[in-house]
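Data from run_9.txt: compact mmCIF, C-alpha atoms
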# COMPACT_ATOMS: atom_id res chain seq x y z
CA MET A 240 34.15 -45.84 35.66
CA ARG A 241 35.72 -48.34 33.26
CA PRO A 242 36.80 -47.98 29.65
CA LEU A 243 34.01 -49.10 27.34
CA GLU A 244 36.50 -51.41 25.66
CA GLU A 245 36.48 -53.53 28.85
CA ALA A 246 32.74 -54.23 28.72
CA GLN A 247 32.04 -57.93 28.45
CA THR A 248 29.53 -59.75 26.26
CA GLY A 249 26.47 -60.62 28.35
CA GLU A 250 27.15 -57.89 30.86
CA ALA A 251 23.95 -56.28 32.13
CA LEU A 252 23.95 -52.51 32.24
CA ARG A 253 22.62 -50.45 35.11
CA PRO A 254 18.96 -49.52 34.41
CA HIS A 255 18.23 -45.87 33.77
CA SER A 256 14.95 -44.06 34.25
CA TYR A 257 13.67 -40.62 33.40
CA ILE A 258 10.41 -38.74 33.12
CA LEU A 259 9.38 -38.04 29.55
CA THR A 260 8.63 -34.37 30.04
CA ARG A 261 6.73 -32.23 27.59
CA GLU A 262 9.95 -30.31 27.01
CA ILE A 263 11.82 -33.45 25.93
CA ALA A 264 8.90 -34.53 23.73
CA LEU A 265 8.73 -31.12 22.05
CA PHE A 266 12.49 -31.15 21.50
CA ALA A 267 12.07 -34.39 19.55
CA ALA A 268 9.05 -33.04 17.67
CA ARG A 269 10.84 -29.82 16.69
CA ASN A 270 13.68 -31.84 15.22
CA LEU A 271 11.00 -33.13 12.85
CA GLY A 272 9.78 -29.62 12.08
CA LYS A 273 6.71 -29.86 14.32
CA ASP A 274 5.86 -27.30 16.98
CA TYR A 275 3.20 -29.47 18.55
CA LEU A 276 2.67 -32.90 20.05
CA GLU A 277 0.27 -35.43 18.62
CA LYS A 278 -2.42 -37.00 20.80
CA ASP A 279 -3.55 -40.58 21.16
CA ASP A 280 -7.17 -41.78 21.07
CA SER A 281 -7.53 -40.90 24.76
CA GLY A 282 -6.40 -37.34 24.18
CA ARG A 283 -3.03 -37.84 25.85
CA GLU A 284 -0.03 -36.14 24.32
CA VAL A 285 2.48 -38.53 22.80
CA ALA A 286 6.09 -37.95 21.87
CA PRO A 287 7.51 -39.06 18.54
CA ALA A 288 8.63 -42.62 19.28
CA CYS A 289 12.09 -41.76 17.99
CA VAL A 290 12.53 -39.79 21.22
CA THR A 291 13.65 -43.13 22.69
CA ASP A 292 16.26 -43.81 20.00
CA ASN A 293 19.06 -42.50 22.19
CA ASP A 294 18.01 -44.21 25.43
CA TYR A 295 20.73 -46.83 25.09
CA VAL A 296 23.42 -44.19 25.59
CA ASP A 297 22.24 -43.55 29.13
CA LEU A 298 22.82 -47.20 29.95
CA TRP A 299 26.57 -47.05 29.51
CA ILE A 300 27.49 -43.40 29.83
CA SER A 301 27.37 -43.42 33.64
CA ASP A 302 29.49 -46.54 34.08
CA PHE A 303 31.91 -46.44 31.17
CA THR A 304 34.30 -43.98 29.65
CA THR A 305 35.32 -43.72 26.05
CA LYS A 306 37.48 -41.34 24.08
CA GLU A 307 35.09 -41.35 21.17
CA ALA A 308 32.60 -43.86 19.84
CA VAL A 309 30.88 -43.79 16.49
CA HIS A 310 27.28 -44.92 16.12
CA ALA A 311 27.56 -47.46 13.31
CA LYS A 312 24.16 -49.17 13.22
CA ALA A 313 20.78 -48.83 14.88
CA GLU A 314 17.73 -51.05 14.95
CA HIS A 315 14.46 -50.14 16.63
CA HIS A 316 11.20 -52.03 16.97
CA TYR A 317 8.57 -49.43 17.83
CA LEU A 318 5.82 -51.09 19.84
CA ASN A 319 3.78 -48.32 21.45
CA PRO A 320 3.88 -44.51 21.36
CA PRO A 321 5.48 -42.89 24.44
CA ILE A 322 2.99 -40.93 26.57
CA VAL A 323 4.18 -37.56 27.81
CA GLY A 324 4.57 -37.36 31.59
CA LYS A 325 5.26 -41.05 32.13
CA ARG A 326 8.39 -42.31 33.81
CA LEU A 327 10.35 -44.49 31.40
CA GLU A 328 12.78 -47.21 32.37
CA VAL A 329 15.58 -48.34 30.10
CA THR A 330 17.25 -51.71 30.60
CA GLY A 331 19.85 -53.47 28.53
CA ARG A 332 23.05 -55.40 28.13
CA ILE A 333 26.15 -55.79 26.05
CA SER A 334 25.05 -58.50 23.65
CA ASP A 335 28.17 -58.84 21.52
CA LYS A 336 31.69 -57.61 20.85
CA TYR A 337 33.44 -58.30 17.60
CA ASN A 338 36.28 -57.23 15.37
CA ARG A 339 35.60 -56.66 11.70
CA ARG A 340 38.24 -55.54 9.24
CA GLY A 341 40.52 -54.70 12.14
CA ARG A 342 37.96 -52.50 13.91
CA ASP A 343 36.33 -53.19 17.27
CA PHE A 344 32.57 -53.03 17.62
CA LEU A 345 30.26 -53.28 20.62
CA VAL A 346 26.59 -54.27 20.41
CA LEU A 347 24.09 -53.00 22.99
CA GLU A 348 20.55 -54.34 23.21
CA SER A 349 18.01 -52.40 25.21
CA GLU A 350 14.34 -51.86 25.79
CA THR A 351 12.32 -48.97 27.11
CA THR A 352 9.17 -49.54 29.17
CA ASP A 353 6.86 -46.99 30.74
CA GLU A 354 5.69 -46.85 34.36
CA ASP A 355 2.59 -48.89 33.50
CA GLY A 356 4.70 -51.73 32.16
CA VAL A 357 3.94 -50.91 28.52
CA LYS A 358 6.92 -51.78 26.36
CA LEU A 359 7.64 -48.92 24.00
CA VAL A 360 10.65 -49.97 22.00
CA GLU A 361 13.26 -52.69 21.65
CA SER A 362 16.59 -51.54 20.30
CA LYS A 363 19.95 -52.81 19.14
CA ASN A 364 22.78 -50.39 18.57
CA VAL A 365 26.30 -51.01 17.29
CA LEU A 366 29.17 -48.74 18.28
CA LEU A 367 32.58 -48.54 16.68
CA ILE A 368 34.81 -48.12 19.73
CA ASP A 369 38.41 -48.05 18.51
CA LEU A 370 38.66 -44.75 16.70
CA MET B 77 6.61 -45.26 -8.08
CA GLY B 78 5.91 -42.40 -5.71
CA ASP B 79 2.16 -42.76 -5.87
CA PHE B 80 1.35 -44.00 -2.38
CA LYS B 81 -0.54 -41.42 -0.34
CA PRO B 82 -0.97 -41.24 3.45
CA GLY B 83 -4.15 -42.99 4.50
CA GLN B 84 -4.22 -45.35 1.56
CA SER B 85 -4.67 -49.03 2.31
CA LEU B 86 -1.55 -50.99 3.12
CA LYS B 87 -2.69 -53.34 0.36
CA ASP B 88 -1.64 -50.61 -2.07
CA LEU B 89 1.95 -50.98 -0.92
CA THR B 90 3.09 -53.42 -3.53
CA PRO B 91 6.75 -53.97 -4.47
CA GLY B 92 8.17 -51.00 -6.35
CA LYS B 93 5.81 -48.46 -4.78
CA GLU B 94 7.58 -45.53 -3.16
CA LEU B 95 6.42 -43.47 -0.22
CA PRO B 96 6.37 -39.73 -0.98
CA SER B 97 9.95 -38.60 -0.31
CA ALA B 98 10.73 -35.89 2.23
CA THR B 99 13.34 -33.18 1.67
CA ARG B 100 14.78 -30.80 4.21
CA ILE B 101 17.79 -28.59 4.71
CA LEU B 102 19.45 -29.29 8.04
CA THR B 103 21.05 -25.99 8.95
CA LYS B 104 24.29 -25.59 10.85
CA GLU B 105 22.32 -23.78 13.55
CA GLU B 106 19.98 -26.75 13.91
CA VAL B 107 22.91 -29.15 14.28
CA LEU B 108 24.50 -26.99 16.96
CA ALA B 109 21.20 -26.47 18.79
CA TYR B 110 20.37 -30.18 18.75
CA THR B 111 23.85 -31.20 19.87
CA ASN B 112 23.97 -28.75 22.74
CA ARG B 113 20.38 -29.23 23.91
CA GLY B 114 20.53 -33.01 23.54
CA ALA B 115 23.66 -33.15 25.66
CA GLU B 116 21.91 -31.08 28.33
CA PHE B 117 18.88 -33.40 28.47
CA GLY B 118 21.08 -36.42 28.87
CA GLY B 119 23.46 -34.68 31.25
CA ARG B 120 26.17 -35.62 28.81
CA SER B 121 27.66 -32.24 28.04
CA SER B 122 31.41 -32.51 28.60
CA GLY B 123 32.01 -28.93 27.63
CA LYS B 124 34.70 -30.07 25.21
CA LYS B 125 34.79 -29.00 21.61
CA ASN B 126 34.15 -31.78 19.13
CA ILE B 127 33.09 -32.36 15.54
CA HIS B 128 29.42 -32.02 16.54
CA ASN B 129 29.58 -28.71 18.35
CA ASP B 130 32.50 -26.79 16.83
CA GLU B 131 33.03 -26.02 13.17
CA GLU B 132 36.77 -25.39 13.52
CA THR B 133 37.26 -28.78 15.17
CA ALA B 134 35.31 -30.44 12.37
CA LYS B 135 37.40 -28.68 9.73
CA SER B 136 40.60 -29.69 11.50
CA TYR B 137 39.59 -33.29 10.69
CA GLY B 138 39.00 -32.34 7.05
CA ILE B 139 35.21 -32.36 7.47
CA ARG B 140 33.26 -29.65 5.65
CA GLY B 141 31.23 -28.54 8.69
CA VAL B 142 29.73 -29.53 12.05
CA VAL B 143 28.55 -33.12 11.95
CA ALA B 144 24.99 -34.07 12.87
CA GLY B 145 24.76 -37.13 15.07
CA GLY B 146 22.89 -40.09 13.67
CA ILE B 147 20.46 -39.61 16.51
CA GLN B 148 19.39 -36.32 14.94
CA THR B 149 18.93 -37.61 11.40
CA MET B 150 17.55 -41.12 11.96
CA PRO B 151 14.25 -39.62 13.19
CA TYR B 152 13.69 -38.20 9.69
CA ILE B 153 13.35 -41.76 8.46
CA TRP B 154 11.10 -42.65 11.39
CA ASN B 155 8.94 -39.67 10.48
CA LEU B 156 8.64 -40.64 6.81
CA PHE B 157 6.98 -43.90 7.88
CA HIS B 158 4.99 -42.27 10.68
CA GLU B 159 3.50 -39.66 8.35
CA ASN B 160 2.58 -42.20 5.68
CA LEU B 161 1.64 -45.30 7.63
CA GLY B 162 0.45 -43.89 10.98
CA GLU B 163 -0.68 -46.43 13.54
CA SER B 164 0.67 -49.38 11.54
CA TRP B 165 4.12 -47.91 11.97
CA ASP B 166 3.71 -46.60 15.51
CA ARG B 167 2.69 -50.01 16.85
CA GLY B 168 5.03 -52.53 15.33
CA GLY B 169 7.29 -50.73 12.87
CA LEU B 170 10.80 -52.11 12.54
CA LEU B 171 13.63 -49.86 11.41
CA SER B 172 17.24 -50.91 10.96
CA VAL B 173 19.81 -48.48 9.59
CA THR B 174 23.51 -48.10 9.01
CA PHE B 175 25.15 -44.69 9.05
CA THR B 176 27.28 -44.66 5.94
CA ASN B 177 28.38 -41.03 5.52
CA MET B 178 28.52 -37.93 7.67
CA VAL B 179 25.73 -35.38 7.61
CA CYS B 180 27.01 -31.83 7.96
CA GLY B 181 25.31 -28.55 8.78
CA ASP B 182 23.52 -26.98 5.79
CA ASP B 183 23.20 -30.32 3.97
CA THR B 184 20.05 -30.95 1.98
CA LEU B 185 18.67 -34.35 2.91
CA VAL B 186 16.19 -36.43 0.96
CA THR B 187 14.59 -39.38 2.75
CA ARG B 188 13.14 -42.17 0.65
CA ALA B 189 11.53 -45.59 1.04
CA VAL B 190 10.56 -48.14 -1.60
CA VAL B 191 8.58 -51.33 -1.05
CA ARG B 192 10.46 -54.50 -1.89
CA GLU B 193 9.65 -58.19 -2.10
CA PRO B 194 10.17 -60.23 1.10
CA LYS B 195 13.51 -62.02 1.10
CA GLU B 196 14.05 -65.64 2.05
CA GLY B 197 13.16 -66.16 5.70
CA GLU B 198 11.05 -63.01 5.92
CA SER B 199 7.34 -63.09 6.66
CA ASP B 200 4.85 -62.87 3.80
CA ASP B 201 2.55 -61.01 6.21
CA ARG B 202 4.80 -57.97 6.50
CA ILE B 203 5.57 -55.18 4.10
CA TYR B 204 9.28 -54.57 3.59
CA PHE B 205 11.00 -51.38 2.49
CA ASP B 206 14.45 -50.36 1.41
CA THR B 207 14.98 -46.95 2.93
CA TRP B 208 17.75 -44.41 2.72
CA MET B 209 18.71 -40.79 3.08
CA GLU B 210 20.88 -38.98 0.56
CA ASN B 211 22.55 -35.59 0.58
CA GLN B 212 22.96 -32.88 -2.05
CA LEU B 213 26.13 -34.57 -3.28
CA GLY B 214 24.17 -37.69 -4.14
CA GLU B 215 25.81 -39.62 -1.30
CA LYS B 216 23.73 -42.03 0.74
CA VAL B 217 24.27 -40.99 4.35
CA VAL B 218 21.93 -43.54 5.94
CA VAL B 219 20.81 -46.83 4.41
CA GLY B 220 18.56 -49.45 5.89
CA LYS B 221 15.43 -51.48 5.86
CA ALA B 222 12.06 -51.19 7.50
CA SER B 223 8.92 -53.23 7.79
CA VAL B 224 5.37 -53.10 9.10
CA ALA B 225 2.72 -55.74 9.56
CA GLY B 226 0.44 -56.11 6.55
CA GLU B 227 -3.30 -55.69 6.91
CA SER B 228 -3.63 -59.27 8.09
CA GLY B 229 -1.02 -58.59 10.79
CA GLY B 230 2.33 -60.30 10.66
CA ALA B 231 5.18 -61.72 12.63
CA ASN B 232 8.49 -59.91 12.59
Would you mind writing the file's structure down as structure tokens?
Amino acid sequence: MRPLEEAQTGEALRPHSYILTREIALFAARNLGKDYLEKDDSGREVAPACVTDNDYVDLWISDFTTKEAVHAKAEHHYLNPPIVGKRLEVTGRISDKYNRRGRDFLVLESETTDEDGVKLVESKNVLLIDL
Amino acid sequence: MGDFKPGQSLKDLTPGKELPSATRILTKEEVLAYTNRGAEFGGRSSGKKNIHNDEETAKSYGIRGVVAGGIQTMPYIWNLFHENLGESWDRGGLLSVTFTNMVCGDDTLVTRAVVREPKEGESDDRIYFDTWMENQLGEKVVVGKASVAGESGGAN
């Protein structure tokens, strides 16, 4: 484990995968006040796409330590709805580090793809890392 | 303003039109439940008290209550677009936000989105929105922009 502050621009992060269970999908839906999952045209249950918003955290949490980090910005390009029961793979890298007004920021770019190779979301997240 | 209805044609989304806003109270219990359950799913529960899971810790930092993570509140903006634009949003929606103020348990949150003109360098084939979330104090807690492809489709 290394301090997150030591991460280098361009550094690839170790891929992370997980199964999008019905329980996880419902957890995301309930946060939106829904006690059900929507279905796609084929009748498959889909999770709210925002269920993937936090995937980037799993890319660095197992390799880096940090005292605290504040989520400053987030950008998501939603490409396809996540199908419940699929295994999802998250890949990404540190795309930038910068100092603004005396504060250190880290930029992580990631994407989440399902087991069929369908890209679900592309994301860019900025963390303030020098609290 | 405020007269776009779900299912209407994207052509009706002209600059100045507002999606129907969404209001909800995010209770302290919901913040705690989300924080604790989310940490479990990700295997990220450290067991330590912090501003997200302990009211006393939050107050020791001068914060009025437990703080909701951006990951809990950003989906409310996602949902505003999902409910109003459906498939157009689900397959190609772009959302970019900055977290500008803390959201605390028992805050009342209003999520809004207004169509704006494309700026220089942006595609004429997409529909652009200014979007934000504000609390009961009138503070903007999340601000950002979003876009979807227009009916003719559109590059990002």
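Ranking A:Asn319, A:Thr304, A:Gln247, A:Thr260 by their shortest atom-to-atom distance to A:Ser334, with only C-alpha atoms included, puts A:Gln247 first.
We find atom CA of B:Trp165 and atom CA of A:Leu318 to be spaced 8.7 Å apart.
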Under the rule of at most 10 Å, produce a per-residue listing of chain A near chain B: chain, number, name, the closest pair of atoms, and the distance in Å, as JSON lines, using all atoms listed in the file.
{"residue": "A:Tyr257", "atom": "CA", "partner": "B:Gly118", "partner_atom": "CA", "distance": 9.6}
{"residue": "A:Glu262", "atom": "CA", "partner": "B:Phe117", "partner_atom": "CA", "distance": 9.6}
{"residue": "A:Ile263", "atom": "CA", "partner": "B:Phe117", "partner_atom": "CA", "distance": 7.5}
{"residue": "A:Phe266", "atom": "CA", "partner": "B:Tyr110", "partner_atom": "CA", "distance": 8.4}
{"residue": "A:Ala267", "atom": "CA", "partner": "B:Pro151", "partner_atom": "CA", "distance": 8.5}
{"residue": "A:Ala268", "atom": "CA", "partner": "B:Pro151", "partner_atom": "CA", "distance": 9.5}
{"residue": "A:Arg269", "atom": "CA", "partner": "B:Tyr110", "partner_atom": "CA", "distance": 9.8}
{"residue": "A:Asn270", "atom": "CA", "partner": "B:Gln148", "partner_atom": "CA", "distance": 7.3}
{"residue": "A:Leu271", "atom": "CA", "partner": "B:Tyr152", "partner_atom": "CA", "distance": 6.6}
{"residue": "A:Gly272", "atom": "CA", "partner": "B:Arg100", "partner_atom": "CA", "distance": 9.4}
{"residue": "A:Pro287", "atom": "CA", "partner": "B:Asn155", "partner_atom": "CA", "distance": 8.2}
{"residue": "A:Ala288", "atom": "CA", "partner": "B:Asp166", "partner_atom": "CA", "distance": 7.4}
{"residue": "A:Cys289", "atom": "CA", "partner": "B:Pro151", "partner_atom": "CA", "distance": 5.7}
{"residue": "A:Val290", "atom": "CA", "partner": "B:Pro151", "partner_atom": "CA", "distance": 8.2}
{"residue": "A:Thr291", "atom": "CA", "partner": "B:Ile147", "partner_atom": "CA", "distance": 9.8}
{"residue": "A:Asp292", "atom": "CA", "partner": "B:Ile147", "partner_atom": "CA", "distance": 6.9}
{"residue": "A:Asn293", "atom": "CA", "partner": "B:Ile147", "partner_atom": "CA", "distance": 6.5}
{"residue": "A:Asp294", "atom": "CA", "partner": "B:Gly118", "partner_atom": "CA", "distance": 9.1}
{"residue": "A:Val296", "atom": "CA", "partner": "B:Gly118", "partner_atom": "CA", "distance": 8.8}
{"residue": "A:Asp297", "atom": "CA", "partner": "B:Gly118", "partner_atom": "CA", "distance": 7.2}
{"residue": "A:Ile300", "atom": "CA", "partner": "B:Arg120", "partner_atom": "CA", "distance": 8.0}
{"residue": "A:Ser301", "atom": "CA", "partner": "B:Arg120", "partner_atom": "CA", "distance": 9.3}
{"residue": "A:Glu307", "atom": "CA", "partner": "B:Asn126", "partner_atom": "CA", "distance": 9.8}
{"residue": "A:Val309", "atom": "CA", "partner": "B:Gly145", "partner_atom": "CA", "distance": 9.2}
{"residue": "A:His310", "atom": "CA", "partner": "B:Gly146", "partner_atom": "CA", "distance": 7.0}
{"residue": "A:Ala311", "atom": "CA", "partner": "B:Phe175", "partner_atom": "CA", "distance": 5.6}
{"residue": "A:Lys312", "atom": "CA", "partner": "B:Thr174", "partner_atom": "CA", "distance": 4.4}
{"residue": "A:Ala313", "atom": "CA", "partner": "B:Val173", "partner_atom": "CA", "distance": 5.4}
{"residue": "A:Glu314", "atom": "CA", "partner": "B:Ser172", "partner_atom": "CA", "distance": 4.0}
{"residue": "A:His315", "atom": "CA", "partner": "B:Leu171", "partner_atom": "CA", "distance": 5.3}
{"residue": "A:His316", "atom": "CA", "partner": "B:Leu170", "partner_atom": "CA", "distance": 4.4}
{"residue": "A:Tyr317", "atom": "CA", "partner": "B:Gly169", "partner_atom": "CA", "distance": 5.3}
{"residue": "A:Leu318", "atom": "CA", "partner": "B:Arg167", "partner_atom": "CA", "distance": 4.5}
{"residue": "A:Asn319", "atom": "CA", "partner": "B:Arg167", "partner_atom": "CA", "distance": 5.0}
{"residue": "A:Pro320", "atom": "CA", "partner": "B:Asp166", "partner_atom": "CA", "distance": 6.2}
{"residue": "A:Pro321", "atom": "CA", "partner": "B:Asp166", "partner_atom": "CA", "distance": 9.8}
{"residue": "A:Leu359", "atom": "CA", "partner": "B:Arg167", "partner_atom": "CA", "distance": 8.8}
{"residue": "A:Val360", "atom": "CA", "partner": "B:Gly168", "partner_atom": "CA", "distance": 9.1}
{"residue": "A:Glu361", "atom": "CA", "partner": "B:Leu170", "partner_atom": "CA", "distance": 9.5}
{"residue": "A:Ser362", "atom": "CA", "partner": "B:Ser172", "partner_atom": "CA", "distance": 9.4}
{"residue": "A:Lys363", "atom": "CA", "partner": "B:Ser172", "partner_atom": "CA", "distance": 8.8}
{"residue": "A:Asn364", "atom": "CA", "partner": "B:Ser172", "partner_atom": "CA", "distance": 9.4}
{"residue": "A:Val365", "atom": "CA", "partner": "B:Thr174", "partner_atom": "CA", "distance": 9.2}
When you count all atoms listed in the file, which of these residues is closest to B:Ser97: B:Cys180, B:Leu161, B:Ala144, B:Leu185?
B:Leu185
Please determine the residues with any atom at most 8 Å from (6.9, -57.2, 3.2) (coordinates as given in the file, with all atoms listed in the file counting) and report them as a ChimeraX atom specification.
/B:191-194,198-205,223-226
Just how far from atom CA of B:Gly162 is atom CA of B:Ala189, in Å to one decimal?
15.0 Å
In Å, with one decimal, what is the gap from atom CA of B:Asn177 to atom CA of A:Pro242?
26.5 Å
Have a look at A:Leu259, A:Ala264, A:Ile322, A:Leu327 and name the one nearest to A:Asp280; count all atoms listed in the file.
A:Ile322
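Using only C-alpha atoms, the smallest distance between any of B:Gly214, B:Gly197, B:Gly138, B:Gly181 and B:Lys104 comes from B:Gly181.
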Residue contacts of A:Gly341 (12 Å, all atoms listed in the file) excluding same-chain residues fewer than 4 positions away, as a VMD selection string:
chain A and resid 337 367 to 370
Tell me which protein, DNA and RNA residues are within 10 Å of B:Glu94, counting only C-alpha atoms, leaving out same-chain ones fewer than 4 positions away, and put them as a ChimeraX atom specification.
/B:77-81,89-90,188-192,205-207
Each side padded by 5 Å, which centre and which edge lengths in Å (one decimal) define the axis-aligned box around the listed atoms of stretch 305-320 of chain A? Give them as AutoDock Vina command-line options.
--center_x 20.6 --center_y -46.7 --center_z 19.6 --size_x 43.7 --size_y 20.7 --size_z 22.8
Within 9 Å of A:Gly249, counting only C-alpha atoms, which residues show up once you throw out same-chain ones fewer than 6 positions away? Write them as a PyMOL selection string, please.
chain A and resi 332-335
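Residue neighbourhood of A:Leu276, excluding near-sequence residues (fewer than 5 positions): A:Leu265, A:Ala268, A:Glu284, A:Val285, A:Ala286, at 7 Å, using all atoms listed in the file.
With distances restricted to only C-alpha atoms, B:Lys195 is the closest residue to B:Pro91 from B:His128, B:Phe157, B:Lys195, B:Leu213.
Of the listed residues B:Ser85, B:Thr187, B:Asn129, B:Asn211, the one whose atoms come nearest to B:Asn112 is B:Asn129, with distances taken using all atoms listed in the file.
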Point (19.8, -44.2, 34.8) neighbourhood (9 Å, all atoms listed in the file) written as JSON, numbers by chain:
{"A": [253, 254, 255, 256, 257, 297, 298, 301, 328, 329, 330]}
Please dump the current selection as a PDB file, in the coordinates of the input; keep C-alpha atoms.
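Result file selection20.pdb:
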ATOM      1  CA  ARG A 253      22.620 -50.450  35.110  1.00  0.00           C
ATOM      2  CA  PRO A 254      18.960 -49.520  34.410  1.00  0.00           C
ATOM      3  CA  HIS A 255      18.230 -45.870  33.770  1.00  0.00           C
ATOM      4  CA  SER A 256      14.950 -44.060  34.250  1.00  0.00           C
ATOM      5  CA  TYR A 257      13.670 -40.620  33.400  1.00  0.00           C
ATOM      6  CA  ASP A 297      22.240 -43.550  29.130  1.00  0.00           C
ATOM      7  CA  LEU A 298      22.820 -47.200  29.950  1.00  0.00           C
ATOM      8  CA  SER A 301      27.370 -43.420  33.640  1.00  0.00           C
ATOM      9  CA  GLU A 328      12.780 -47.210  32.370  1.00  0.00           C
ATOM     10  CA  VAL A 329      15.580 -48.340  30.100  1.00  0.00           C
ATOM     11  CA  THR A 330      17.250 -51.710  30.600  1.00  0.00           C
TER      12      THR A 330
END
Using only C-alpha atoms, which protein or nucleic acid residues come within 6 Å of A:Arg326? Drop anything in the same chain fewer than 5 positions from it, and give the result as a PyMOL selection string.
chain A and resi 257-258+353-354
Final N, CA and C atoms of stretch 279-290 of chain A as an mmCIF file, in the frame of the given file:
data_model
loop_
_atom_site.group_PDB
_atom_site.id
_atom_site.type_symbol
_atom_site.label_atom_id
_atom_site.label_comp_id
_atom_site.auth_asym_id
_atom_site.auth_seq_id
_atom_site.Cartn_x
_atom_site.Cartn_y
_atom_site.Cartn_z
ATOM 1 N N ASP A 279 -3.027 -39.245 21.444
ATOM 2 C CA ASP A 279 -3.550 -40.580 21.160
ATOM 3 C C ASP A 279 -5.076 -40.557 21.243
ATOM 4 N N ASP A 280 -5.706 -41.721 21.101
ATOM 5 C CA ASP A 280 -7.170 -41.780 21.070
ATOM 6 C C ASP A 280 -7.801 -41.309 22.377
ATOM 7 N N SER A 281 -7.012 -41.348 23.467
ATOM 8 C CA SER A 281 -7.530 -40.900 24.760
ATOM 9 C C SER A 281 -7.256 -39.426 25.013
ATOM 10 N N GLY A 282 -6.671 -38.766 24.030
ATOM 11 C CA GLY A 282 -6.400 -37.340 24.180
ATOM 12 C C GLY A 282 -5.096 -37.043 24.907
ATOM 13 N N ARG A 283 -4.316 -38.068 25.163
ATOM 14 C CA ARG A 283 -3.030 -37.840 25.850
ATOM 15 C C ARG A 283 -1.969 -37.446 24.822
ATOM 16 N N GLU A 284 -1.098 -36.533 25.227
ATOM 17 C CA GLU A 284 -0.030 -36.140 24.320
ATOM 18 C C GLU A 284 1.007 -37.253 24.219
ATOM 19 N N VAL A 285 1.458 -37.512 23.023
ATOM 20 C CA VAL A 285 2.480 -38.530 22.800
ATOM 21 C C VAL A 285 3.705 -37.882 22.149
ATOM 22 N N ALA A 286 4.846 -38.423 22.484
ATOM 23 C CA ALA A 286 6.090 -37.950 21.870
ATOM 24 C C ALA A 286 6.345 -38.770 20.616
ATOM 25 N N PRO A 287 7.067 -38.209 19.656
ATOM 26 C CA PRO A 287 7.510 -39.060 18.540
ATOM 27 C C PRO A 287 8.295 -40.235 19.130
ATOM 28 N N ALA A 288 7.995 -41.441 18.679
ATOM 29 C CA ALA A 288 8.630 -42.620 19.280
ATOM 30 C C ALA A 288 10.151 -42.572 19.162
ATOM 31 N N CYS A 289 10.638 -41.839 18.161
ATOM 32 C CA CYS A 289 12.090 -41.760 17.990
ATOM 33 C C CYS A 289 12.749 -41.007 19.132
ATOM 34 N N VAL A 290 11.951 -40.456 20.047
ATOM 35 C CA VAL A 290 12.530 -39.790 21.220
ATOM 36 C C VAL A 290 13.317 -40.807 22.064
#
